[in-house]
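As provided, structure-v5.cif (mmCIF, C-alpha atoms) reads as follows.
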data_target
#
loop_
_atom_site.label_atom_id
_atom_site.label_comp_id
_atom_site.auth_asym_id
_atom_site.auth_seq_id
_atom_site.Cartn_x
_atom_site.Cartn_y
_atom_site.Cartn_z
CA MET W 25 70.78 113.21 71.63
CA LEU W 26 74.16 111.55 72.08
CA HIS W 27 77.26 112.93 70.39
CA ILE W 28 80.76 111.47 70.05
CA GLU W 29 83.56 113.75 68.89
CA PRO W 30 87.12 112.58 68.12
CA PHE W 31 90.30 114.43 69.06
CA ILE W 32 93.87 113.48 68.16
CA LEU W 33 95.96 114.81 71.04
CA LEU W 34 99.07 112.70 70.49
CA ARG W 35 99.67 112.65 66.75
CA ASP W 36 102.82 110.51 66.84
CA TYR W 37 100.70 107.62 68.11
CA GLY W 38 97.40 108.50 66.42
CA THR W 39 95.46 107.87 69.61
CA ASN W 40 91.77 108.69 69.47
CA THR W 41 90.50 110.68 72.42
CA TRP W 42 86.71 110.71 72.57
CA LEU W 43 84.35 113.35 73.94
CA LEU W 44 80.95 111.75 74.50
CA TYR W 45 78.00 113.86 75.67
CA ASP W 46 74.24 114.22 75.80
CA ASP W 47 73.10 117.57 74.41
CA VAL W 48 70.00 117.69 76.62
CA SER W 49 71.47 117.09 80.07
CA LEU W 50 74.89 118.46 78.95
CA GLU W 51 76.54 115.59 80.82
CA GLY W 52 79.59 114.00 79.26
CA ILE W 53 82.70 111.89 79.64
CA VAL W 54 86.22 112.14 78.25
CA VAL W 55 87.69 108.82 77.10
CA ASP W 56 91.43 108.20 76.82
CA PRO W 57 92.87 111.73 77.09
CA ALA W 58 96.17 111.03 75.39
CA ALA W 59 97.80 114.36 76.28
CA PRO W 60 96.95 117.75 77.76
CA SER W 61 94.91 119.84 75.33
CA GLU W 62 93.58 123.38 75.58
CA VAL W 63 91.62 122.75 72.37
CA LEU W 64 89.59 119.93 73.91
CA LEU W 65 89.20 121.87 77.15
CA GLU W 66 87.79 124.86 75.25
CA ARG W 67 85.41 122.62 73.32
CA ILE W 68 84.04 121.25 76.59
CA LYS W 69 83.62 124.78 77.96
CA ASP W 70 82.02 126.06 74.74
CA LEU W 71 79.44 123.27 74.88
CA GLY W 72 78.76 123.99 78.56
CA LEU W 73 79.33 120.37 79.51
CA LYS W 74 79.59 118.86 82.96
CA ILE W 75 82.13 116.07 82.64
CA LYS W 76 81.02 113.31 84.97
CA MET W 77 84.07 111.12 84.55
CA ILE W 78 87.36 110.67 82.69
CA ILE W 79 87.68 107.04 81.64
CA ASN W 80 90.73 105.13 80.42
CA THR W 81 90.02 102.08 78.29
CA HIS W 82 93.38 100.73 79.44
CA GLY W 83 96.60 101.88 81.06
CA HIS W 84 99.10 102.40 78.24
CA GLY W 85 100.92 105.73 78.13
CA ASP W 86 99.49 106.86 74.79
CA HIS W 87 95.97 106.77 76.29
CA ILE W 88 96.54 108.31 79.72
CA GLY W 89 98.95 111.22 79.22
CA GLY W 90 96.28 113.88 79.75
CA ASN W 91 94.67 112.33 82.83
CA ALA W 92 96.08 114.72 85.43
CA PHE W 93 95.53 117.79 83.23
CA PHE W 94 91.85 117.09 82.58
CA ALA W 95 91.04 115.74 86.04
CA GLU W 96 92.38 118.93 87.62
CA ARG W 97 90.79 121.39 85.23
CA LEU W 98 87.43 119.66 84.95
CA ASN W 99 87.22 118.57 88.60
CA ALA W 100 86.21 115.14 87.33
CA PRO W 101 87.02 111.70 88.76
CA LEU W 102 89.39 109.43 86.86
CA ALA W 103 88.34 105.83 86.23
CA ILE W 104 90.04 102.69 84.93
CA HIS W 105 89.45 98.97 85.32
CA LYS W 106 90.88 97.68 88.58
CA ASP W 107 93.25 95.29 86.78
CA ASP W 108 95.03 98.19 85.02
CA ALA W 109 94.99 100.62 87.96
CA ALA W 110 98.67 100.10 88.83
CA MET W 111 99.67 101.19 85.32
CA LEU W 112 98.52 104.76 85.95
CA THR W 113 101.28 105.50 88.44
CA ASP W 114 104.09 103.26 87.15
CA ASN W 115 105.76 104.59 84.01
CA HIS W 116 107.37 101.23 83.33
CA LYS W 117 104.07 99.39 83.47
CA ASN W 118 102.32 101.99 81.30
CA LEU W 119 105.31 101.97 78.90
CA SER W 120 105.66 105.76 78.89
CA VAL W 121 109.37 105.50 79.79
CA TYR W 122 109.85 104.03 76.31
CA MET W 123 107.88 106.80 74.60
CA GLY W 124 110.59 109.44 74.99
CA GLY W 125 108.90 111.77 77.47
CA THR W 126 107.85 112.26 81.06
CA MET W 127 104.25 112.06 82.19
CA LYS W 128 102.49 113.58 85.16
CA ASN W 129 100.78 110.63 86.82
CA LYS W 130 97.46 110.48 88.63
CA ALA W 131 95.98 107.51 90.46
CA ALA W 132 92.42 106.42 89.68
CA ASP W 133 89.53 107.76 91.73
CA VAL W 134 87.17 105.02 90.54
CA LEU W 135 88.05 101.37 89.91
CA LEU W 136 85.79 99.89 87.26
CA GLU W 137 84.55 96.33 86.88
CA ASP W 138 82.60 94.49 84.20
CA GLY W 139 79.00 95.68 84.17
CA TYR W 140 79.62 99.06 85.83
CA THR W 141 77.09 101.63 84.58
CA LEU W 142 77.11 105.41 84.39
CA LYS W 143 74.15 107.64 83.52
CA LEU W 144 74.50 110.43 80.97
CA GLY W 145 71.13 112.14 81.03
CA GLU W 146 68.60 109.53 79.94
CA TYR W 147 71.30 107.26 78.51
CA GLU W 148 73.20 104.51 80.29
CA LEU W 149 76.82 103.71 79.58
CA LYS W 150 78.00 100.19 80.38
CA VAL W 151 81.55 98.96 80.97
CA ILE W 152 82.49 95.73 79.17
CA HIS W 153 85.68 94.11 80.44
CA THR W 154 87.67 92.87 77.42
CA PRO W 155 91.06 91.61 78.63
CA GLY W 156 93.69 90.71 76.08
CA HIS W 157 95.47 93.89 75.01
CA THR W 158 95.96 94.52 78.74
CA PRO W 159 94.49 92.65 81.71
CA GLY W 160 92.12 95.52 82.49
CA GLY W 161 91.15 96.57 78.99
CA ILE W 162 87.55 97.73 78.65
CA CYS W 163 85.03 98.86 76.06
CA LEU W 164 82.22 101.35 76.68
CA TYR W 165 78.75 100.59 75.29
CA ILE W 166 75.99 103.18 75.07
CA GLU W 167 72.95 103.06 72.77
CA LYS W 168 74.31 101.97 69.34
CA TYR W 169 77.86 103.07 70.06
CA LEU W 170 80.90 101.13 71.30
CA ILE W 171 84.14 102.83 72.28
CA SER W 172 86.52 99.91 71.90
CA GLY W 173 89.90 101.23 73.05
CA ASP W 174 92.67 98.98 71.75
CA THR W 175 90.54 95.84 71.80
CA LEU W 176 89.03 96.06 68.31
CA PHE W 177 90.05 98.17 65.30
CA GLU W 178 88.81 98.44 61.74
CA LEU W 179 89.81 95.06 60.25
CA SER W 180 92.34 94.53 63.02
CA ILE W 181 92.76 93.89 66.73
CA GLY W 182 94.94 95.22 69.54
CA ARG W 183 98.53 94.14 70.03
CA THR W 184 99.12 91.39 72.55
CA ASP W 185 102.93 91.34 72.66
CA PHE W 186 103.21 93.86 75.51
CA PRO W 187 103.48 92.68 79.14
CA GLY W 188 100.12 91.36 80.32
CA GLY W 189 98.84 90.77 76.80
CA SER W 190 97.10 87.58 75.69
CA HIS W 191 96.18 86.86 72.08
CA ALA W 192 93.84 84.03 73.03
CA GLY W 193 92.27 86.23 75.70
CA LEU W 194 91.72 89.10 73.28
CA ILE W 195 90.08 86.88 70.66
CA ARG W 196 87.84 85.41 73.35
CA SER W 197 86.88 88.87 74.60
CA ILE W 198 85.92 90.03 71.12
CA ARG W 199 83.97 86.90 70.22
CA GLU W 200 82.16 86.49 73.52
CA LYS W 201 81.58 90.10 74.57
CA LEU W 202 81.59 92.27 71.43
CA PHE W 203 80.35 90.05 68.63
CA VAL W 204 77.17 89.36 70.62
CA LEU W 205 76.20 93.02 70.13
CA PRO W 206 73.93 94.06 67.23
CA ASP W 207 75.59 94.28 63.82
CA ASP W 208 74.70 97.97 63.44
CA VAL W 209 76.61 99.06 66.55
CA ILE W 210 79.14 101.70 65.50
CA VAL W 211 82.63 101.06 66.86
CA PHE W 212 84.91 103.96 67.81
CA PRO W 213 88.41 102.48 68.33
CA GLY W 214 91.48 103.72 70.15
CA HIS W 215 93.32 104.20 66.83
CA GLY W 216 92.11 104.57 63.26
CA PRO W 217 88.66 105.02 61.70
CA GLN W 218 85.30 103.88 62.98
CA THR W 219 83.75 100.60 61.91
CA THR W 220 80.75 98.44 62.85
CA ILE W 221 80.28 95.16 64.67
CA GLY W 222 78.71 93.61 61.58
CA LEU W 223 81.59 94.61 59.33
CA GLU W 224 84.13 93.16 61.74
CA LYS W 225 82.21 89.91 62.20
CA SER W 226 82.20 89.41 58.43
CA ASN W 227 85.56 90.78 57.39
CA ASN W 228 88.09 91.03 60.23
CA PRO W 229 90.90 88.65 59.17
CA PHE W 230 91.94 87.97 62.78
CA LEU W 231 88.48 86.66 63.70
CA ARG W 232 87.41 84.50 60.79
#
Written as structure tokens, how would this file's structure read?
Amino acid sequence: MLHIEPFILLRDYGTNTWLLYDDVSLEGIVVDPAAPSEVLLERIKDLGLKIKMIINTHGHGDHIGGNAFFAERLNAPLAIHKDDAAMLTDNHKNLSVYMGGTMKNKAADVLLEDGYTLKLGEYELKVIHTPGHTPGGICLYIEKYLISGDTLFELSIGRTDFPGGSHAGLIRSIREKLFVLPDDVIVFPGHGPQTTIGLEKSNNPFLR
């Protein structure tokens, strides 16, 4: 059975870090580790998980601050879409220089593209490229779950006023790549509470 657990590692920004795992194979991934966290590390150890990959949905500083910490301690490869890869090692591009702190950077081990798949036990996770918030923004689709990063929120969408953002591109990504999914798909966003594809299709004011 698949499980998705939320962790708030960077409370000032309310970033959702997700631990996704299969309780049969005990294989998992960490998505958007916002900051180093012994709590999340202990949870992974307590569950006996083998973390196959650490995945960033995009390259902004509030989603990548724990990359080096978790990659080193879990001996897991770090992955991001190829179009955001340069953000991981440039604190101006990832905006962390404006967040009031320093960040230990780590380059990606795996460069993702649209359609990339990763097996977690009997389940298959698929990368969906959804540019708009950033050029290399992605969502992760597995079974009836979608981890949407900063592409789609409950009754909202990601900002597009940062460098590399495109409002028209984000709307197109959501309409053409996310709203084609079943209505009962549960959406786990980069900030805020979960929602569903059906609810957003019917009620999201940015997409009516």
Contacts of region 26-37 of chain W at 6 Å (all atoms listed in the file; same-chain gap of 3+ positions) as a ChimeraX atom specification:
/W:40-46,58-59
So which residues touch Lys128 (chain W) within 12 Å, counting all atoms listed in the file, skipping near sequence neighbours fewer than 5 positions away, as a ChimeraX atom specification?
/W:58-60,85,88-96,112-115,120-121
CA of His157 (chain W) and CA of Gly193 (chain W), how far apart in Å?
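Separation of CA of Gly193 (chain W) and CA of His157 (chain W): 8.3 Å.
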Which residues come within 12 Å of Glu200 (chain W), counting only C-alpha atoms, excluding same-chain residues fewer than 5 positions away, as a list in words?
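Surrounding residues, per the criterion: Ile152, His153, Thr154, Pro155, Ala192, Gly193, Leu194, Ile195, Leu205, Lys225 and Leu231 of chain W.
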Please evaluate the PyMOL selection byres ((chain W and resi 179) around 8) against the displayed coordinates and give the resulting residues as a list of chain:residue names.
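For this structure, the PyMOL selection byres ((chain W and resi 179) around 8) resolves to W:Phe177, W:Glu178, W:Ser180, W:Ile181, W:Glu224, W:Asn227, W:Asn228, W:Pro229, W:Phe230.
Distances to Val211 (chain W) were evaluated for W:Asn80, W:Thr175, W:Thr141, W:Ser226 using all atoms listed in the file, and the minimum falls at W:Thr175.
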Name the residues that the PyMOL selection byres ((chain W and resi 161) around 10) picks from the file above, as a PyMOL selection string, using the file's chain letters and numbers.
chain W and resi 80-84+104-108+152-160+162-163+172-175+189+194+197
Write the residues of the selection above to a file with C-alpha atoms, as a PDB file, keeping the file's coordinate frame.
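Everything below was put into out.pdb:
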ATOM      1  CA  ASN W  80      90.730 105.130  80.420  1.00  0.00           C
ATOM      2  CA  THR W  81      90.020 102.080  78.290  1.00  0.00           C
ATOM      3  CA  HIS W  82      93.380 100.730  79.440  1.00  0.00           C
ATOM      4  CA  GLY W  83      96.600 101.880  81.060  1.00  0.00           C
ATOM      5  CA  HIS W  84      99.100 102.400  78.240  1.00  0.00           C
ATOM      6  CA  ILE W 104      90.040 102.690  84.930  1.00  0.00           C
ATOM      7  CA  HIS W 105      89.450  98.970  85.320  1.00  0.00           C
ATOM      8  CA  LYS W 106      90.880  97.680  88.580  1.00  0.00           C
ATOM      9  CA  ASP W 107      93.250  95.290  86.780  1.00  0.00           C
ATOM     10  CA  ASP W 108      95.030  98.190  85.020  1.00  0.00           C
ATOM     11  CA  ILE W 152      82.490  95.730  79.170  1.00  0.00           C
ATOM     12  CA  HIS W 153      85.680  94.110  80.440  1.00  0.00           C
ATOM     13  CA  THR W 154      87.670  92.870  77.420  1.00  0.00           C
ATOM     14  CA  PRO W 155      91.060  91.610  78.630  1.00  0.00           C
ATOM     15  CA  GLY W 156      93.690  90.710  76.080  1.00  0.00           C
ATOM     16  CA  HIS W 157      95.470  93.890  75.010  1.00  0.00           C
ATOM     17  CA  THR W 158      95.960  94.520  78.740  1.00  0.00           C
ATOM     18  CA  PRO W 159      94.490  92.650  81.710  1.00  0.00           C
ATOM     19  CA  GLY W 160      92.120  95.520  82.490  1.00  0.00           C
ATOM     20  CA  ILE W 162      87.550  97.730  78.650  1.00  0.00           C
ATOM     21  CA  CYS W 163      85.030  98.860  76.060  1.00  0.00           C
ATOM     22  CA  SER W 172      86.520  99.910  71.900  1.00  0.00           C
ATOM     23  CA  GLY W 173      89.900 101.230  73.050  1.00  0.00           C
ATOM     24  CA  ASP W 174      92.670  98.980  71.750  1.00  0.00           C
ATOM     25  CA  THR W 175      90.540  95.840  71.800  1.00  0.00           C
ATOM     26  CA  GLY W 189      98.840  90.770  76.800  1.00  0.00           C
ATOM     27  CA  LEU W 194      91.720  89.100  73.280  1.00  0.00           C
ATOM     28  CA  SER W 197      86.880  88.870  74.600  1.00  0.00           C
TER      29      SER W 197
END
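Of note, CA of Ser190 (chain W) and CA of Leu176 (chain W) are spaced 13.8 Å apart.
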Using Å and a single decimal, report how far CA of Lys69 (chain W) sits from CA of Lys143 (chain W).
20.4 Å
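By all atoms listed in the file, and with residues fewer than 4 positions from Val48 (chain W) along its chain excluded, the set lying at most 10 Å from it is Met25, Leu26, Leu144, Gly145 and Glu146 of chain W.
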With C-alpha atoms as the atom set, please write region 79-190 of chain W from the structure just given, as a compact mmCIF listing (two decimals), in the first residue's frame.
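Contents of the output file selection04.txt:
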# COMPACT_ATOMS: atom_id res chain seq x y z
CA ILE W 79 13.14 14.65 -6.04
CA ASN W 80 12.71 18.41 -6.33
CA THR W 81 9.52 19.58 -8.02
CA HIS W 82 11.40 22.76 -8.92
CA GLY W 83 14.51 24.69 -7.97
CA HIS W 84 13.40 27.42 -5.57
CA GLY W 85 15.28 27.71 -2.28
CA ASP W 86 12.30 26.89 -0.05
CA HIS W 87 12.06 23.44 -1.69
CA ILE W 88 15.71 22.42 -1.93
CA GLY W 89 17.36 23.49 1.33
CA GLY W 90 17.65 19.94 2.67
CA ASN W 91 18.98 18.34 -0.51
CA ALA W 92 22.60 17.93 0.57
CA PHE W 93 21.65 16.79 4.09
CA PHE W 94 19.33 14.01 2.94
CA ALA W 95 21.38 12.94 -0.07
CA GLU W 96 24.41 12.41 2.16
CA ARG W 97 22.65 10.66 5.02
CA LEU W 98 20.39 8.49 2.89
CA ASN W 99 22.94 7.77 0.15
CA ALA W 100 20.21 8.60 -2.35
CA PRO W 101 20.49 10.31 -5.75
CA LEU W 102 19.07 13.81 -6.17
CA ALA W 103 16.80 14.50 -9.14
CA ILE W 104 15.29 17.59 -10.74
CA HIS W 105 14.01 18.46 -14.20
CA LYS W 106 16.85 19.38 -16.52
CA ASP W 107 15.47 22.88 -17.10
CA ASP W 108 15.81 23.75 -13.38
CA ALA W 109 19.12 21.97 -12.78
CA ALA W 110 21.20 25.17 -12.76
CA MET W 111 19.09 26.54 -9.90
CA LEU W 112 20.43 23.93 -7.48
CA THR W 113 23.93 25.39 -7.41
CA ASP W 114 23.21 29.09 -8.00
CA ASN W 115 21.78 30.86 -4.96
CA HIS W 116 20.66 33.80 -7.06
CA LYS W 117 18.73 31.60 -9.46
CA ASN W 118 17.14 29.60 -6.64
CA LEU W 119 16.38 32.87 -4.77
CA SER W 120 17.90 31.65 -1.50
CA VAL W 121 20.10 34.78 -1.28
CA TYR W 122 16.88 36.70 -0.71
CA MET W 123 15.63 34.32 1.99
CA GLY W 124 18.05 35.53 4.66
CA GLY W 125 20.26 32.46 5.01
CA THR W 126 22.98 30.40 3.43
CA MET W 127 22.35 27.01 1.86
CA LYS W 128 24.64 24.07 1.26
CA ASN W 129 24.23 23.33 -2.43
CA LYS W 130 24.30 20.00 -4.23
CA ALA W 131 24.12 19.40 -7.97
CA ALA W 132 21.59 16.93 -9.35
CA ASP W 133 22.58 13.31 -9.91
CA VAL W 134 19.60 12.65 -12.20
CA LEU W 135 18.12 15.06 -14.74
CA LEU W 136 14.43 14.38 -15.24
CA GLU W 137 12.30 14.82 -18.33
CA ASP W 138 8.59 14.55 -19.04
CA GLY W 139 7.48 10.93 -18.88
CA TYR W 140 10.36 9.68 -16.71
CA THR W 141 9.20 6.76 -14.54
CA LEU W 142 10.42 5.30 -11.26
CA LYS W 143 9.28 2.05 -9.67
CA LEU W 144 8.31 1.90 -6.00
CA GLY W 145 7.58 -1.75 -5.39
CA GLU W 146 4.66 -2.63 -7.65
CA TYR W 147 3.78 1.02 -8.23
CA GLU W 148 5.05 3.32 -10.96
CA LEU W 149 5.68 7.01 -10.42
CA LYS W 150 5.55 9.24 -13.49
CA VAL W 151 7.09 12.69 -13.96
CA ILE W 152 4.80 15.29 -15.59
CA HIS W 153 6.60 18.40 -16.80
CA THR W 154 4.47 21.44 -15.90
CA PRO W 155 6.44 24.60 -16.74
CA GLY W 156 5.08 27.94 -15.63
CA HIS W 157 6.10 28.51 -12.01
CA THR W 158 9.63 27.70 -13.18
CA PRO W 159 10.81 26.38 -16.56
CA GLY W 160 11.52 22.94 -15.09
CA GLY W 161 8.58 22.59 -12.73
CA ILE W 162 7.21 19.06 -12.45
CA CYS W 163 4.41 17.09 -10.83
CA LEU W 164 4.66 13.46 -9.71
CA TYR W 165 1.78 11.09 -10.50
CA ILE W 166 1.38 7.69 -8.87
CA GLU W 167 -1.85 5.68 -8.57
CA LYS W 168 -4.53 8.21 -7.50
CA TYR W 169 -2.04 10.69 -6.08
CA LEU W 170 -0.45 13.81 -7.58
CA ILE W 171 2.34 15.71 -5.86
CA SER W 172 1.96 19.07 -7.57
CA GLY W 173 4.80 21.20 -6.22
CA ASP W 174 4.06 24.87 -6.81
CA THR W 175 2.07 24.25 -9.99
CA LEU W 176 -1.39 23.77 -8.46
CA PHE W 177 -2.69 24.61 -4.98
CA GLU W 178 -6.08 24.35 -3.31
CA LEU W 179 -8.13 26.98 -5.19
CA SER W 180 -4.97 28.68 -6.39
CA ILE W 181 -1.93 28.32 -8.63
CA GLY W 182 1.80 28.96 -8.36
CA ARG W 183 3.32 32.41 -8.65
CA THR W 184 4.66 33.37 -12.05
CA ASP W 185 6.32 36.70 -11.24
CA PHE W 186 9.73 35.18 -10.44
CA PRO W 187 12.44 34.93 -13.13
CA GLY W 188 11.53 32.20 -15.62
CA GLY W 189 7.85 32.24 -14.70
CA SER W 190 5.04 32.29 -17.26
